Structure formats: C-alpha cells, structure tokens
$ cat work09.cif   # mmCIF, C-alpha atoms
data_target
#
loop_
_atom_site.label_atom_id
_atom_site.label_comp_id
_atom_site.auth_asym_id
_atom_site.auth_seq_id
_atom_site.Cartn_x
_atom_site.Cartn_y
_atom_site.Cartn_z
CA MET A 215 -30.56 74.03 7.63
CA ARG A 216 -28.42 73.01 4.64
CA ARG A 217 -30.92 70.42 3.56
CA ARG A 218 -33.70 72.96 3.63
CA SER A 219 -31.67 75.45 1.60
CA GLY A 220 -30.92 72.78 -1.02
CA MET A 221 -34.55 71.93 -1.36
CA ASN A 222 -35.39 75.58 -1.88
CA TRP A 223 -32.77 75.87 -4.61
CA ARG A 224 -34.13 72.83 -6.43
CA LEU A 225 -37.58 74.34 -6.16
CA ILE A 226 -36.40 77.59 -7.75
CA VAL A 227 -34.82 75.92 -10.80
CA ARG A 228 -37.16 72.95 -11.22
CA ALA A 229 -38.31 73.97 -14.72
CA LEU A 230 -34.72 73.55 -15.96
CA ARG A 231 -35.09 69.76 -15.77
CA HIS A 232 -36.90 70.00 -19.12
CA ARG A 233 -34.32 69.86 -21.93
CA ASN A 234 -36.13 72.20 -24.33
CA TYR A 235 -36.58 74.81 -21.64
CA ARG A 236 -32.88 74.55 -20.69
CA LEU A 237 -31.92 75.23 -24.29
CA PHE A 238 -34.27 78.19 -24.51
CA PHE A 239 -33.10 79.54 -21.16
CA GLY A 240 -29.44 79.44 -22.22
CA GLY A 241 -30.01 80.99 -25.63
CA GLN A 242 -32.24 83.71 -24.26
CA GLY A 243 -29.72 84.53 -21.54
CA ILE A 244 -27.22 85.65 -24.17
CA SER A 245 -29.67 87.29 -26.54
CA LEU A 246 -31.46 89.36 -23.90
CA ILE A 247 -28.24 91.07 -22.83
CA GLY A 248 -27.98 92.39 -26.39
CA THR A 249 -31.64 93.39 -26.38
CA TRP A 250 -31.21 95.55 -23.28
CA MET A 251 -28.07 97.09 -24.75
CA THR A 252 -30.08 98.14 -27.80
CA ARG A 253 -32.87 99.63 -25.68
CA VAL A 254 -30.46 101.81 -23.74
CA ALA A 255 -28.47 102.77 -26.84
CA THR A 256 -31.62 103.69 -28.77
CA GLY A 257 -32.91 106.02 -26.06
CA TRP A 258 -29.54 107.69 -25.60
CA LEU A 259 -28.99 108.06 -29.36
CA VAL A 260 -32.40 109.69 -29.90
CA TYR A 261 -31.90 112.13 -27.03
CA ARG A 262 -28.36 112.95 -28.17
CA LEU A 263 -29.53 113.64 -31.72
CA THR A 264 -32.67 115.63 -30.87
CA ASP A 265 -32.57 116.79 -27.23
CA SER A 266 -36.36 116.23 -27.33
CA ALA A 267 -38.50 114.51 -24.69
CA PHE A 268 -41.34 114.29 -27.21
CA LEU A 269 -39.24 112.40 -29.76
CA LEU A 270 -38.10 110.00 -27.03
CA GLY A 271 -41.76 109.19 -26.48
CA LEU A 272 -42.44 109.03 -30.22
CA VAL A 273 -39.69 106.47 -30.83
CA SER A 274 -41.00 104.32 -28.02
CA PHE A 275 -44.51 104.73 -29.47
CA ALA A 276 -43.31 103.53 -32.88
CA GLY A 277 -41.78 100.39 -31.40
CA GLN A 278 -44.92 99.38 -29.54
CA ILE A 279 -47.97 100.57 -31.51
CA PRO A 280 -47.82 97.62 -33.98
CA ILE A 281 -48.52 95.27 -31.06
CA LEU A 282 -51.81 97.02 -30.40
CA ILE A 283 -52.86 96.88 -34.05
CA LEU A 284 -51.56 93.44 -35.05
CA GLY A 285 -51.72 91.68 -31.67
CA PRO A 286 -55.26 90.26 -31.90
CA PHE A 287 -54.69 88.87 -35.40
CA ALA A 288 -51.30 87.48 -34.36
CA GLY A 289 -52.98 85.60 -31.52
CA VAL A 290 -55.35 83.85 -33.94
CA TRP A 291 -52.47 82.72 -36.15
CA ILE A 292 -50.39 81.58 -33.20
CA ASP A 293 -53.25 79.31 -32.14
CA ARG A 294 -53.22 77.89 -35.69
CA LEU A 295 -49.50 77.68 -36.48
CA ASN A 296 -46.50 75.82 -35.10
CA ARG A 297 -45.29 78.17 -32.35
CA HIS A 298 -41.74 76.84 -32.51
CA ARG A 299 -41.42 77.77 -36.19
CA VAL A 300 -42.98 81.17 -35.56
CA LEU A 301 -40.29 81.92 -32.96
CA VAL A 302 -37.46 80.91 -35.29
CA VAL A 303 -38.75 83.35 -37.92
CA THR A 304 -39.29 86.21 -35.47
CA GLN A 305 -35.80 85.83 -34.01
CA VAL A 306 -34.18 85.90 -37.46
CA LEU A 307 -36.12 89.06 -38.37
CA SER A 308 -35.15 90.71 -35.07
CA MET A 309 -31.50 89.91 -35.74
CA LEU A 310 -31.71 91.59 -39.16
CA GLU A 311 -33.28 94.70 -37.60
CA SER A 312 -30.40 95.00 -35.10
CA PHE A 313 -27.80 94.63 -37.86
CA ALA A 314 -29.56 97.37 -39.85
CA LEU A 315 -29.38 99.71 -36.85
CA ALA A 316 -25.70 98.86 -36.41
CA ALA A 317 -24.85 99.52 -40.05
CA LEU A 318 -26.54 102.93 -40.02
CA ALA A 319 -25.09 103.97 -36.65
CA LEU A 320 -21.55 102.81 -37.37
CA GLY A 321 -21.74 104.51 -40.77
CA HIS A 322 -22.72 107.77 -38.98
CA VAL A 323 -25.72 108.22 -41.28
CA ILE A 324 -28.52 107.29 -38.89
CA THR A 325 -31.40 109.70 -38.35
CA VAL A 326 -34.42 109.72 -36.07
CA ASN A 327 -36.66 108.86 -39.04
CA GLU A 328 -34.71 105.67 -39.68
CA ILE A 329 -34.83 104.75 -35.98
CA ILE A 330 -38.62 105.20 -36.01
CA LEU A 331 -39.04 103.04 -39.14
CA LEU A 332 -36.87 100.25 -37.75
CA ASN A 333 -38.70 100.42 -34.44
CA LEU A 334 -41.99 100.05 -36.31
CA PHE A 335 -40.59 96.96 -38.03
CA GLN A 336 -39.42 95.48 -34.73
CA GLY A 337 -42.80 96.22 -33.18
CA ALA A 338 -44.52 94.28 -35.97
CA VAL A 339 -42.18 91.33 -35.34
CA ASN A 340 -42.86 91.52 -31.59
CA SER A 341 -46.60 91.36 -32.28
CA PHE A 342 -46.07 87.71 -33.19
CA ASP A 343 -43.01 86.99 -31.07
CA MET A 344 -44.42 87.95 -27.65
CA PRO A 345 -47.63 85.88 -27.63
CA ALA A 346 -45.89 82.98 -29.40
CA ARG A 347 -43.12 83.00 -26.78
CA GLN A 348 -45.61 83.08 -23.90
CA ALA A 349 -47.83 80.34 -25.34
CA PHE A 350 -44.79 78.20 -26.23
CA VAL A 351 -43.59 77.99 -22.63
CA ILE A 352 -46.12 75.30 -21.75
CA GLU A 353 -44.90 73.22 -24.72
CA MET A 354 -41.31 73.43 -23.49
CA VAL A 355 -41.93 72.49 -19.87
CA GLU A 356 -44.48 69.77 -20.78
CA GLU A 357 -45.80 69.50 -17.22
CA PRO A 358 -48.39 72.14 -16.18
CA GLU A 359 -47.22 72.23 -12.56
CA ASP A 360 -43.88 73.67 -13.71
CA LEU A 361 -45.49 76.46 -15.78
CA GLY A 362 -45.41 79.11 -13.06
CA ASN A 363 -41.78 78.33 -12.24
CA ALA A 364 -40.82 78.51 -15.93
CA ILE A 365 -42.48 81.91 -16.31
CA ALA A 366 -40.76 83.20 -13.17
CA LEU A 367 -37.37 81.84 -14.29
CA ASN A 368 -37.81 83.49 -17.67
CA SER A 369 -38.57 86.76 -15.87
CA SER A 370 -35.43 86.24 -13.78
CA LEU A 371 -33.46 85.83 -16.98
CA VAL A 372 -34.91 88.97 -18.54
CA ASN A 373 -33.95 91.00 -15.52
CA ALA A 374 -30.54 89.45 -15.03
CA ALA A 375 -29.93 90.63 -18.59
CA ARG A 376 -31.36 94.03 -17.64
CA LEU A 377 -28.74 94.16 -14.88
CA VAL A 378 -25.85 93.39 -17.24
CA GLY A 379 -26.96 94.86 -20.57
CA PRO A 380 -27.51 98.52 -19.61
CA SER A 381 -24.28 98.65 -17.61
CA VAL A 382 -22.27 97.32 -20.57
CA ALA A 383 -24.18 99.61 -22.93
CA GLY A 384 -23.34 102.67 -20.84
CA LEU A 385 -19.63 101.86 -21.01
CA LEU A 386 -19.74 101.08 -24.75
CA ILE A 387 -21.66 104.25 -25.59
CA ALA A 388 -19.26 106.40 -23.58
CA GLY A 389 -16.19 104.78 -25.15
CA PHE A 390 -17.17 103.81 -28.69
CA GLY A 391 -20.70 104.97 -29.53
CA GLU A 392 -24.15 103.42 -29.83
CA GLY A 393 -23.47 101.44 -33.00
CA TYR A 394 -21.48 98.72 -31.25
CA CYS A 395 -24.40 98.04 -28.91
CA PHE A 396 -26.60 97.36 -31.94
CA LEU A 397 -23.92 95.15 -33.51
CA ILE A 398 -23.49 93.02 -30.38
CA ASP A 399 -27.27 92.69 -30.12
CA GLY A 400 -27.47 91.36 -33.67
CA ILE A 401 -24.76 88.79 -33.01
CA SER A 402 -26.42 87.71 -29.76
CA TYR A 403 -29.52 86.48 -31.63
CA VAL A 404 -27.43 83.60 -32.98
CA ALA A 405 -27.58 81.98 -29.53
CA VAL A 406 -31.37 81.91 -29.23
CA ILE A 407 -31.85 80.85 -32.85
CA ALA A 408 -29.42 77.96 -32.33
CA SER A 409 -31.21 76.92 -29.12
CA LEU A 410 -34.55 76.82 -30.92
CA LEU A 411 -33.15 74.72 -33.76
CA MET A 412 -31.66 72.21 -31.28
CA MET A 413 -35.00 71.54 -29.60
CA VAL A 414 -36.96 68.33 -30.07
CA ILE A 415 -40.60 69.39 -30.16
CA HIS A 416 -43.49 66.96 -29.99
CA ALA A 417 -46.07 68.86 -31.96
CA ARG A 418 -49.44 69.10 -30.31
CA PRO A 419 -52.35 68.26 -32.61
CA ARG A 420 -54.41 71.26 -33.57
CA ALA A 421 -57.82 70.88 -35.04
CA HIS A 422 -58.06 72.47 -38.48
CA LEU A 423 -61.23 74.51 -38.37
CA GLN A 424 -62.58 76.08 -41.51
CA ARG A 425 -63.30 79.39 -39.87
CA SER A 426 -62.26 82.90 -40.76
CA VAL A 427 -59.65 84.85 -38.85
CA LEU A 428 -62.29 87.39 -37.82
CA THR A 429 -64.52 84.63 -36.42
CA GLU A 430 -61.71 83.27 -34.25
CA LEU A 431 -60.69 86.80 -33.28
CA ARG A 432 -64.23 87.51 -32.11
CA GLU A 433 -64.27 84.22 -30.21
CA GLY A 434 -61.06 85.17 -28.40
CA TRP A 435 -62.33 88.65 -27.61
CA ASP A 436 -65.62 87.30 -26.24
CA TYR A 437 -63.70 84.84 -24.07
CA VAL A 438 -61.36 87.49 -22.65
CA ARG A 439 -64.13 90.03 -22.11
CA GLY A 440 -66.61 87.51 -20.71
CA PHE A 441 -64.37 85.89 -18.09
CA ARG A 442 -63.91 88.57 -15.43
CA PRO A 443 -60.66 87.30 -13.85
CA ILE A 444 -58.92 87.59 -17.23
CA SER A 445 -60.45 90.95 -18.13
CA SER A 446 -59.72 92.45 -14.69
CA ILE A 447 -56.06 91.37 -14.76
CA LEU A 448 -55.62 92.73 -18.29
CA CYS A 449 -57.30 96.05 -17.43
CA LEU A 450 -54.95 96.66 -14.49
CA LEU A 451 -51.93 95.68 -16.57
CA ALA A 452 -53.04 98.01 -19.37
CA LEU A 453 -53.46 100.90 -16.92
CA ILE A 454 -49.98 100.39 -15.48
CA SER A 455 -48.49 100.13 -18.96
CA LEU A 456 -50.23 103.36 -19.96
CA VAL A 457 -49.33 105.54 -16.98
CA GLY A 458 -46.40 103.76 -15.30
CA MET A 459 -44.23 102.12 -17.93
CA PRO A 460 -43.31 105.40 -19.72
CA TYR A 461 -40.75 105.99 -16.96
CA THR A 462 -38.31 103.95 -19.08
CA ALA A 463 -38.75 106.31 -22.05
CA LEU A 464 -38.11 109.33 -19.80
CA MET A 465 -35.05 107.83 -18.11
CA PRO A 466 -32.48 109.67 -20.29
CA ILE A 467 -33.99 112.96 -19.06
CA PHE A 468 -33.52 111.96 -15.43
CA ALA A 469 -29.99 110.72 -16.12
CA ARG A 470 -28.82 113.91 -17.81
CA ASN A 471 -31.01 116.79 -16.62
CA ILE A 472 -32.08 115.75 -13.11
CA LEU A 473 -29.07 113.74 -11.92
CA HIS A 474 -26.54 115.59 -14.14
CA GLY A 475 -24.86 112.43 -15.45
CA GLY A 476 -24.06 110.83 -18.77
CA ALA A 477 -24.61 107.55 -20.60
CA HIS A 478 -23.04 105.62 -17.74
CA THR A 479 -25.60 107.14 -15.34
CA LEU A 480 -28.41 105.96 -17.60
CA GLY A 481 -26.88 102.50 -17.58
CA PHE A 482 -26.74 102.47 -13.78
CA LEU A 483 -30.38 103.58 -13.50
CA MET A 484 -31.59 100.87 -15.85
CA ALA A 485 -29.41 98.31 -14.10
CA ALA A 486 -30.90 99.26 -10.72
CA THR A 487 -34.36 98.54 -12.09
CA GLY A 488 -33.01 95.22 -13.28
CA VAL A 489 -31.66 94.35 -9.83
CA GLY A 490 -35.08 94.86 -8.27
CA ALA A 491 -36.84 92.97 -11.03
CA LEU A 492 -34.40 90.09 -10.73
CA ILE A 493 -35.02 89.84 -6.98
CA GLY A 494 -38.76 89.87 -7.63
CA ALA A 495 -38.55 87.19 -10.30
CA VAL A 496 -36.39 84.87 -8.19
CA ARG A 497 -38.81 85.28 -5.32
CA LEU A 498 -41.66 84.25 -7.60
CA ALA A 499 -39.68 81.28 -8.89
CA ALA A 500 -39.34 80.00 -5.32
CA ARG A 501 -43.11 79.85 -4.89
CA PRO A 502 -44.36 76.25 -4.89
CA SER A 503 -47.73 77.12 -6.39
CA VAL A 504 -49.80 79.76 -8.15
CA LEU A 505 -51.90 80.06 -4.99
CA GLY A 506 -51.52 83.48 -3.39
CA LEU A 507 -50.60 85.37 -6.57
CA GLY A 508 -53.98 87.09 -6.76
CA ARG A 509 -53.14 89.15 -3.68
CA VAL A 510 -49.64 89.90 -4.99
CA ILE A 511 -51.02 91.74 -8.03
CA PRO A 512 -52.65 94.77 -6.32
CA VAL A 513 -50.03 95.02 -3.56
CA THR A 514 -47.14 95.24 -6.01
CA ALA A 515 -49.07 97.49 -8.41
CA ALA A 516 -49.51 99.98 -5.55
CA GLY A 517 -45.85 99.58 -4.58
CA PHE A 518 -44.81 100.29 -8.18
CA GLY A 519 -46.79 103.53 -8.17
CA ALA A 520 -45.40 104.62 -4.81
CA THR A 521 -41.77 104.08 -5.81
CA LEU A 522 -42.33 105.95 -9.08
CA ILE A 523 -43.64 108.96 -7.16
CA ALA A 524 -40.66 108.90 -4.79
CA PHE A 525 -38.16 108.49 -7.65
CA SER A 526 -39.66 111.38 -9.60
CA PHE A 527 -38.63 113.86 -6.89
CA SER A 528 -35.20 112.42 -6.09
CA HIS A 529 -32.13 114.53 -6.96
CA TRP A 530 -29.53 112.16 -5.49
CA LEU A 531 -28.16 109.31 -7.55
CA TRP A 532 -27.83 106.89 -4.63
CA LEU A 533 -31.46 107.46 -3.60
CA SER A 534 -32.69 107.18 -7.18
CA LEU A 535 -30.89 103.85 -7.56
CA LEU A 536 -32.45 102.49 -4.36
CA LEU A 537 -35.93 103.60 -5.42
CA LEU A 538 -35.53 102.05 -8.87
CA VAL A 539 -34.68 98.73 -7.22
CA GLY A 540 -38.10 98.92 -5.58
CA THR A 541 -39.72 99.97 -8.85
CA GLY A 542 -38.25 96.98 -10.69
CA PHE A 543 -39.19 94.57 -7.91
CA ASN A 544 -42.82 95.66 -7.77
CA PHE A 545 -43.36 95.83 -11.52
CA MET A 546 -41.84 92.39 -12.07
CA GLN A 547 -43.95 90.80 -9.35
CA GLN A 548 -47.12 92.40 -10.71
CA MET A 549 -46.42 91.54 -14.35
CA ALA A 550 -45.19 87.98 -13.80
CA SER A 551 -47.99 87.16 -11.36
CA SER A 552 -50.53 88.37 -13.92
CA ASN A 553 -48.85 86.30 -16.64
CA THR A 554 -48.82 83.14 -14.52
CA ILE A 555 -52.47 83.37 -13.50
CA LEU A 556 -53.58 84.14 -17.06
CA GLN A 557 -51.75 81.13 -18.50
CA THR A 558 -53.01 78.90 -15.68
CA ILE A 559 -56.70 79.74 -16.06
CA SER A 560 -56.85 80.09 -19.88
CA GLU A 561 -58.29 77.35 -22.06
CA ASP A 562 -55.56 75.58 -24.04
CA LYS A 563 -57.14 76.20 -27.44
CA LYS A 564 -57.45 79.93 -26.73
CA ARG A 565 -54.11 80.48 -24.97
CA GLY A 566 -52.45 82.12 -27.97
CA ARG A 567 -55.26 84.64 -28.27
CA VAL A 568 -55.29 85.34 -24.53
CA MET A 569 -51.53 85.95 -24.58
CA SER A 570 -51.90 88.24 -27.59
CA PHE A 571 -54.29 90.37 -25.52
CA TYR A 572 -51.74 90.16 -22.69
CA ALA A 573 -49.09 91.48 -25.09
CA MET A 574 -51.48 94.26 -26.12
CA ALA A 575 -52.12 95.23 -22.49
CA PHE A 576 -48.43 94.99 -21.57
CA GLN A 577 -46.81 96.62 -24.60
CA GLY A 578 -49.57 97.56 -27.02
CA VAL A 579 -51.03 100.24 -24.72
CA ALA A 580 -47.61 101.47 -23.59
CA PRO A 581 -46.87 103.48 -26.77
CA PHE A 582 -49.75 105.84 -26.03
CA GLY A 583 -48.34 106.24 -22.56
CA SER A 584 -44.91 107.02 -24.00
CA LEU A 585 -46.39 109.55 -26.42
CA ILE A 586 -48.47 111.21 -23.70
CA ALA A 587 -45.56 111.18 -21.26
CA GLY A 588 -43.24 112.74 -23.81
CA ALA A 589 -45.71 115.54 -24.51
CA ALA A 590 -46.49 116.04 -20.81
CA ALA A 591 -42.81 116.10 -19.86
CA THR A 592 -42.26 118.87 -22.40
CA ARG A 593 -44.96 120.99 -20.74
CA ILE A 594 -44.81 120.18 -17.01
CA GLY A 595 -41.48 118.37 -16.70
CA ALA A 596 -40.54 114.70 -16.37
CA PRO A 597 -40.78 114.56 -12.53
CA TYR A 598 -44.42 115.71 -12.37
CA THR A 599 -45.34 113.50 -15.33
CA LEU A 600 -43.94 110.45 -13.57
CA ALA A 601 -45.54 111.33 -10.22
CA ILE A 602 -49.00 111.64 -11.77
CA GLY A 603 -48.58 108.26 -13.45
CA GLY A 604 -47.59 106.69 -10.14
CA GLY A 605 -50.74 108.06 -8.53
CA PHE A 606 -52.94 106.44 -11.16
CA CYS A 607 -51.16 103.10 -10.58
CA ILE A 608 -52.12 103.25 -6.90
CA LEU A 609 -55.76 104.01 -7.75
CA GLY A 610 -55.88 101.08 -10.19
CA ALA A 611 -54.43 98.74 -7.57
CA ALA A 612 -57.12 99.77 -5.08
CA ALA A 613 -59.87 99.11 -7.62
CA PHE A 614 -58.48 95.64 -8.39
CA ALA A 615 -58.13 94.78 -4.71
CA SER A 616 -61.83 95.50 -4.18
CA GLN A 617 -62.69 92.81 -6.76
CA LEU A 618 -60.45 90.07 -5.36
CA PRO A 619 -63.09 88.13 -3.36
CA SER A 620 -65.37 87.68 -6.37
CA LEU A 621 -62.44 86.86 -8.69
CA ARG A 622 -61.26 84.13 -6.31
CA THR A 623 -64.69 82.51 -6.43
CA LEU A 624 -64.61 82.41 -10.24
CA ILE A 625 -61.06 81.05 -10.46
CA ARG A 626 -61.36 78.37 -7.80
CA PRO A 627 -63.21 75.75 -9.95
CA ILE A 628 -60.39 75.95 -12.53
CA TYR A 629 -57.76 75.37 -9.85
CA VAL A 630 -59.73 72.39 -8.61
CA GLU A 631 -60.12 70.93 -12.10
CA ARG A 632 -56.40 71.24 -12.85
CA GLY A 633 -55.26 69.83 -9.51
CA ILE A 634 -53.71 73.05 -8.26
CA ILE A 635 -55.58 72.64 -4.98
CA PRO A 636 -54.29 69.15 -4.09
CA GLU A 637 -56.36 68.52 -1.00
CA ILE A 638 -59.46 68.81 -3.17
CA ALA A 639 -58.14 67.24 -6.36
CA VAL A 640 -57.03 64.05 -4.61
CA GLY A 641 -60.33 63.20 -2.97
CA VAL A 642 -63.97 63.50 -3.79
CA GLN A 643 -64.55 67.03 -5.05
CA SER A 644 -67.64 67.86 -3.09
CA ALA A 645 -69.26 71.25 -3.05
CA SER A 646 -68.61 71.67 0.65
CA TYR A 647 -64.90 72.08 -0.07
CA LEU A 648 -65.61 75.06 -2.27
CA GLN A 649 -66.99 77.33 0.41
CA GLN A 650 -63.74 79.09 1.31
CA PRO A 651 -62.02 80.68 -1.73
CA PRO A 652 -58.22 80.43 -1.84
CA GLU A 653 -55.81 83.26 -2.50
CA GLU A 654 -54.81 82.82 -6.11
#
$ encode --input "work09.cif" --output "structure tokens"
Amino acid sequence: MRRRSGMNWRLIVRALRHRNYRLFFGGQGISLIGTWMTRVATGWLVYRLTDSAFLLGLVSFAGQIPILILGPFAGVWIDRLNRHRVLVVTQVLSMLESFALAALALGHVITVNEIILLNLFQGAVNSFDMPARQAFVIEMVEEPEDLGNAIALNSSLVNAARLVGPSVAGLLIAGFGEGYCFLIDGISYVAVIASLLMMVIHARPRAHLQRSVLTELREGWDYVRGFRPISSILCLLALISLVGMPYTALMPIFARNILHGGAHTLGFLMAATGVGALIGAVRLAARPSVLGLGRVIPVTAAGFGATLIAFSFSHWLWLSLLLLVGTGFNFMQQMASSNTILQTISEDKKRGRVMSFYAMAFQGVAPFGSLIAGAAATRIGAPYTLAIGGGFCILGAAAFASQLPSLRTLIRPIYVERGIIPEIAVGVQSASYLQQPPEE
C-alpha cells in the first residue's frame, strides 16, 4: 500500500522535475497569495465606500473588459514574441499597479474612480499575461506528456493561494485596512519576477512571416471557429463565465447582508471556494492522461450550477461554506479540463492565439456578467441573480454533453498522432483501431 501511495504522489508532482517549471511554481506560489489578497480587498473597499452592488459589478467589469478587446491582438503578438520576456514585462507592470493602489489606499485618498482606472490598466496587462502564461507552460515543461500535469499543478497553486490569501486579507482588512493588502501584493511580485529571470530558456525558432496582424488574427479566428472541439469548449466556458463567475463579484453582499458578517466572513467564503478548487486541481494533477477529461467538462459545469443555486438560498454560514467548497471544486475541474484539452489539441504555431481566445472566454466575457449581475442584484436581489445564473450553467452543460460523441471522433486522430493513445501510437495505426472513440 505504501508503494502505491508513493507512486501516486510522484505522479501528482511529476511536472516539478523540470527546473524552469519548479522556479515558476515557487515564484507564483508567493505572488498569487498577494493577488488573492488584492481581489478580496478591492471588493470590500468598493462596497465599503459605495454600498452599491452595481459599482461592485462595474469595478469587476473594468478589470476584465480589456481582455475581450485586446485579447485577440495579444494572441497574435504572443505567437510572434518571446513569451518569457512578455511575462517579465507583464509582471513588472502588475507590481506597479499594486503599489499604486497601496499608495492611494494608505494615503486615504482613494476613490472608486481611481480603482476603476487601475483595474482597467491591470486588465490591459492581463490581456497579454494570461495567454502568454498559458502558452509558456509547454516551454517550461519541455515534454508534452507532462503538460496536463503542469496545468493541473498550476491550478492547484492558484487555489492554494486562494485558500491562504483571502483569509489573511480578511484579518488585515479588519485590523489595519485594505491598503496593506495592496502593499503586500506589490512586494510579492518580486518572487515571480526573480523566478522568471533565473530560468534558462531554450528559445524555440519562430518563422518570421511578413503578414499583417489582422491576417494572423483572422487565421486564428478561422481555426478556432472551424474546429468544433475548440469552439464548443470555448462556448461553454464563455457561458459559465457570463452567468456563473459573477458570484465572486457579489460575494461581499452575501458576506454582509445575507450572512450578517464582516470582512473576515468574506475571507472565509473566498477561502472555502479555494479549498474546493484546490481539491479539484490536485485530483486533476493525479490523472495519468488527458483521456477522460471530455466527460469531466459537462459533469462539473452542471455541478457548478447546482451548487451556485443551493448557495444562493443559504442563510447559514456553515452551509454556505460547504456549498462553496463544491462550487470551487466543480469550477476548477471544468476550467482546468478545458484548458488541458485546448492546449493538447491546438496546433503549436497557433497556440498563443487559441489561448488568447481562451482568456477571452474565461475572463473577457466575465465583465459583462459582472455588470449584468450587479444591475440584476440591485433589482431582484443577489440570491435570485445567482440562482438564475446557476440554472443557465446547467443548461449549457446539457447542450455540451449532447455533442460529446461527435467531438470525441474529431479529437481522436490528434490523440493518436501525438501518442496520447499508446496502444495505437506504438503499433501500426490502422483504421480499424479508430472505430471506438475514447473519452477525452
């Protein structure tokens, strides 16, 4: 039994055998705690200053709308540029944004207008940072078979930070104010910048094509739209981001008005989501292969919607925390499974553009959801707003599940070509082996 457990542990952390990924993992682990502290502090600060559900949604909108506008163009440039250098620049700019928030908050001169402007700036930075970070993973792990594990481990890291960051933020806000959360976030970027500078990157040759940005943008769009597995995954992710993800923007309302708590309650709620997401990410990291992830996507999308509906009507803190564990688990499984399949089936030369559309679907559509949710919560209340969103998530999951058989047929040849189906890749790849589609 011990031997089996050890083998499972090595399977979970196998991507850490790559030095560059270890550096990135360590630096990100510190920086992401600060990032989650800033997210909690920003929401609480806006609600404390304005007492407005609409402005909570507007601030979230401002931080994410640049991804929708700039994302496609960022993807083209990321396919052209050195992704490592892009990440160094984006991390430095993010650090400066956090220090600006800290200076204004600690100086007691911060207003909602300044928060919106700085969120717009951070959103523009994220338009390049998110797809560059996703596309850079395969350059850090070097071996394609470790890609899924690296993505899952990175998701584990994000949600371990979500577990720690909001809890610390709640205590800091209650004791000292929001400004110290922003300051710690700014300092934490030093770790990830240092890890990037310590990497030894073997640059991959990129063909210099004399083509316009619009031409390459159109090529990426045609590829994403024309290959149904990619377009179907992105459509479901966009739907969930539009109607489900706004629950994070509305969380201060639930913490204060529904559960009658304070900043520490908000921290506990966000941390509970992080616990579930961390469990989901670790479970994905333990998977030996991408096979089977296709079925995970609709099941967890439906589970995400169901837990949102249940949470929206909870008036007990202990029950809300339990339900948010389920919410975090399902969303992480759905998002990370989508990410892994997209990176696995995408062509190398178009990966940056595909991941820019992924960033658009994941965060670029979300601002409209936050804006709509803020307005809806003002009229019908946060609980009903969240419940309606959960219902749409379930409907989207059902629609995706109905397409799974045909999507498997389209994806299978790619899995065969890349050796993901070993029993076929090792021998003669005859058509007779292709009759039964696997579960991606």
$ atom_distance --input "work09.cif" --atom1 "atom CA of Leu301 of chain A" --atom2 "atom CA of Arg565 of chain A"
16.0 Å
$ residues_around --input "work09.cif" --residues "segment 403-416 of chain A" --least-positions-apart "6" --cutoff "7 Å" --atoms "all atoms listed in the file" --output "PyMOL selection string"
chain A and resi 234+237-238+241-242+244-245+302+305+309
$ residues_around --input "work09.cif" --residues "Asn363 of chain A" --least-positions-apart "4" --cutoff "7 Å" --atoms "only C-alpha atoms" --output "PyMOL selection string"
chain A and resi 229+367+499
$ closest_residue --input "work09.cif" --among "A:Ser274, A:Asn368, A:Ser312, A:Gln336" --to "Thr554 of chain A" --atoms "all atoms listed in the file"
A:Asn368
$ atom_distance --input "work09.cif" --atom1 "atom CA of Ile279 of chain A" --atom2 "atom CA of Ala267 of chain A"
18.2 Å
$ closest_atom_pairs --input "work09.cif" --of "segment 254-288 of chain A" --to "segment 379-387 of chain A" --cutoff "10 Å" --atoms "all atoms listed in the file" --output "CSV"
residue,atom,partner,partner_atom,distance
A:Val254,CA,A:Pro380,CA,6.0
A:Ala255,CA,A:Ala383,CA,6.6
A:Trp258,CA,A:Ile387,CA,8.6
A:Leu259,CA,A:Ile387,CA,9.1
$ closest_residue --input "work09.cif" --among "A:Tyr235, A:Phe606, A:Phe518, A:Tyr261" --to "Arg347 of chain A" --atoms "only C-alpha atoms"
A:Tyr235
$ resolve_selection --input "work09.cif" --expression "the PyMOL selection byres ((chain A and resi 442-459) around 8)" --output "ChimeraX atom specification"
/A:438-441,460-462,515,519,522,549,552,556,571-572,574-577,579-584,600,603-604,606-607,610-611,614,621,624-625
$ atom_distance --input "work09.cif" --atom1 "atom CA of Met465 of chain A" --atom2 "atom CA of Ala374 of chain A"
19.2 Å
$ closest_residue --input "work09.cif" --among "A:Ala469, A:Leu315, A:Leu230, A:Leu397" --to "Val355 of chain A" --atoms "all atoms listed in the file"
A:Leu230
$ resolve_selection --input "work09.cif" --expression "the PyMOL selection byres ((chain A and resi 534) around 12)" --output "PyMOL selection string"
chain A and resi 465+468-469+472-473+479-480+482-487+521-533+535-541
